[in-house]
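K.L.:
If you scroll down you'll find the structure; I have some questions about it.
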Amino acid sequence: MWSIIDSTLREGEQFINANFSLQQKKEIALMLDDFGVDYIELSNPASSEQSRIDCTAIANLGLGCKTLTHTRCNLEDVRLAIDTGVDGVDLLFGTSKYLRNYSHGKSIDYIIDKAKEVISMAKSAGCEVRFSCEDSFRSDKEDLVRVYRAVDRVGVDRIGIADTVGIAHPRQVSELVSSLRTVVDCDIEVHFHNDTGCAVANAHSAVQAGATHVDTCVLGIGERNGITPLGGFISRMYADDPEGVKMKYNLPMIPHMDHYVASAVGVHVPFNNYLSGYSAFSHKAGMHLKAMLQNSSTYEALNPDDFGVSRVVNVAHRLTGWNA
């Protein structure tokens with residue numbers, strides 16, 4: 001079964017309104033752990049002294065899930081990450097022509113050599129390691145294969161496929177993940193931005209094609225329009241396998257986390273948000289209500305009871321008619 005790497009305390013911290021206190025980060029981490037995520041990703045401790053303090057505090061909370069930190073692919077960042085006590089490091093290096101020309105200016109050969117050096121050091125320290133090609137879907141496929149094959153050979157735990165600007169669609173995702181599944185033996189992590197509205201569909205497509213780990217954030221917050229929302233991804237996977245998802249995750253935690261994070265970053269939970277939105281389980285039209293009152297599955301793919309929320313049936317409207 002797939003695993004969730006929740007990045008609310010890393011990617012989510014990059015949301016324009018986010019400025020979490022250490023106490024808020026602890027509360028979010030504890031809720032995510034109670035929900036049952038497999039990993040929590042934290043901001044790079046090299047970003048600031050406060051980031052280092054926060055990372056160390058979360059890593060030492062005694063959580064049931066593993067903690068990771070997202071770092072640049074250099075020895076200094078990784079040494080600092082190891083000192084915080086996290087279980088693993090998530091390395092990245094931009095491989096698209098945009099990032100190689102305008103961000104770091106490094107060649108693919110340089111990226112491979114540096115990745116092998118840093119991965120070997122992190123593994124020797126006992127860390128779990130992911131290496132991600134930033135902006136994967138605007139990178140040449142030949143370059144991706146070269147990089148991923150090289151890091152797989154030095155023992156990386158996961159490669160990361162990152163749709164950094166949110167331009168991928170499900171067919172592209174399926175093709176790339178399926179192809180890379182034949183190239184590497186390690187696990188495959190995916191990270192989808194939501195600029196064009198495909199983050200949940202892309203994550204689902206990736207899992208179907210062989211991805212093993214999916215990055216999420218509570219409410220999908222993050223840079224720009226954020227990434228795959230935890231509630232949205234869980235909804236999609238629940239539709240495929242309700243019993244398996246219920247068995248693994250504490251689903252009623254999702255609405256609590258959505259409202260907590262929304263309050264922390266000063267936004268409202270959208271009315272149509274997955275599971276926790278005001279209208280997520282509301283019914284109004286007479287045809288719908290007649291069937292719903294006999295069998296709720298007629299117009300609901302998700303059971304609100306499993307998520308600890310209530311169904312709303314509106315019978316006091318002209319559209320309801322006499323059928324209800």
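Chain lettering (A, B, ...) mirrors the order of the structure tokens, residue numbering begins at 1 for each chain separately, and ligand numbering begins at 1 in order of display.
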Give me the residues within 7 Å of region 210-221 of chain A as number ranges by chain, counting only C-alpha atoms and dropping any in the same chain fewer than 5 places off.

P.N.:
A: 2-8, 12, 15, 177-178, 181, 187-191, 203, 226-231, 257-258

K.L.:
Could you give me, as JSON, numbers by chain, each residue of region 71-248 of chain A that DSSP assigns to helix (DSSP H, G or I) when run on this structure's backbone?

P.N.:
{"A": [75, 76, 77, 78, 79, 80, 81, 82, 83, 84, 97, 98, 99, 100, 101, 102, 108, 109, 110, 111, 112, 113, 114, 115, 116, 117, 118, 119, 120, 121, 122, 123, 124, 136, 137, 138, 141, 142, 143, 144, 145, 146, 147, 148, 149, 150, 151, 152, 153, 170, 171, 172, 173, 174, 175, 176, 177, 178, 179, 180, 181, 199, 200, 201, 202, 203, 204, 205, 206, 207, 208, 209, 218, 219, 220, 230, 231, 232, 233, 234, 235, 236, 237, 238, 239, 240, 242, 243, 244, 245, 246, 247, 248]}

K.L.:
Using only C-alpha atoms, can you tell me which of A:Pro255, A:Gly197, A:Pro304, A:Gly94 comes closest to Val147 (chain A)?

P.N.:
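Checking each candidate against Val147 (chain A), we get A:Gly94 as the closest.
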
K.L.:
Find the residues around Leu302 (chain A) up to 8 Å (only C-alpha atoms counted), leave out those fewer than 3 positions away in its own chain, and share them as number ranges by chain.

P.N.:
A: 235, 238-239, 297

K.L.:
Per residue of region 67-100 of chain A within 10 Å of region 42-51 of chain A, note the shortest atom pair and the distance in Å to one decimal, counting only C-alpha atoms, and order the rows by chain and increasing residue number, as a Markdown table.

P.N.:
| residue | atom | partner | partner_atom | distance |
| --- | --- | --- | --- | --- |
| A:Thr67 | CA | A:Leu42 | CA | 7.3 |
| A:Leu68 | CA | A:Leu42 | CA | 6.0 |
| A:Thr69 | CA | A:Leu42 | CA | 4.6 |
| A:His70 | CA | A:Asn44 | CA | 5.2 |
| A:Thr71 | CA | A:Asn44 | CA | 5.2 |
| A:Arg72 | CA | A:Asn44 | CA | 8.1 |
| A:Glu76 | CA | A:Ala46 | CA | 8.5 |
| A:Asp77 | CA | A:Ala46 | CA | 6.0 |
| A:Val78 | CA | A:Ala46 | CA | 9.0 |
| A:Arg79 | CA | A:Ala46 | CA | 9.8 |
| A:Leu80 | CA | A:Pro45 | CA | 6.7 |
| A:Ala81 | CA | A:Pro45 | CA | 6.2 |
| A:Ile82 | CA | A:Pro45 | CA | 9.8 |
| A:Asp83 | CA | A:Pro45 | CA | 9.6 |
| A:Thr84 | CA | A:Pro45 | CA | 8.0 |
| A:Val86 | CA | A:Leu42 | CA | 9.0 |
| A:Val89 | CA | A:Asn44 | CA | 9.3 |
| A:Asp90 | CA | A:Asn44 | CA | 9.4 |

K.L.:
Please produce a file of those selected residues containing C-alpha atoms, as a CSV table (one decimal), in the first residue's frame.

P.N.:
chain,number,residue,atom,x,y,z
A,67,THR,CA,10.4,12.7,10.5
A,68,LEU,CA,12.2,14.0,7.4
A,69,THR,CA,13.7,17.3,6.5
A,70,HIS,CA,13.9,18.8,3.0
A,71,THR,CA,17.4,20.0,2.2
A,72,ARG,CA,19.6,21.2,-0.6
A,76,GLU,CA,26.5,21.2,5.1
A,77,ASP,CA,22.7,21.0,5.0
A,78,VAL,CA,22.7,17.3,5.5
A,79,ARG,CA,25.1,17.5,8.5
A,80,LEU,CA,22.9,20.1,10.1
A,81,ALA,CA,19.8,17.9,9.4
A,82,ILE,CA,21.4,14.8,11.0
A,83,ASP,CA,22.2,16.8,14.1
A,84,THR,CA,18.5,17.6,14.6
A,86,VAL,CA,15.3,13.5,12.0
A,89,VAL,CA,16.6,13.7,4.5
A,90,ASP,CA,14.8,14.7,1.3

K.L.:
Taking 3 positions as the minimum chain separation for residues in the same chain, which residues sit within 9 Å of region 117-123 of chain A when counting only C-alpha atoms? Answer as JSON, numbers by chain.

P.N.:
{"A": [73, 74, 75, 78, 79, 82, 88, 89, 91, 112, 113, 114, 126, 127, 128, 129, 130, 131, 151, 154, 155, 156]}

K.L.:
Among region 113-247 of chain A, which residues carry a DSSP assignment of strand (DSSP E), reported as a list of chain:residue names?

P.N.:
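Matching residues for strand (DSSP E) in region 113-247 of chain A are A:Glu128, A:Val129, A:Arg130, A:Phe131, A:Ser132, A:Cys133, A:Glu134, A:Arg158, A:Ile159, A:Gly160, A:Ile161, A:Ala162, A:Asp163, A:Asp187, A:Ile188, A:Glu189, A:Val190, A:His191, A:Phe192, A:His213, A:Val214, A:Asp215, A:Thr216.
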
K.L.:
For Lys116 (chain A), which of A:Lys26, A:Arg52, A:Arg149, A:Lys141 is the closest residue, counting only C-alpha atoms?

P.N.:
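Closest to Lys116 (chain A) of all the choices is A:Arg149.
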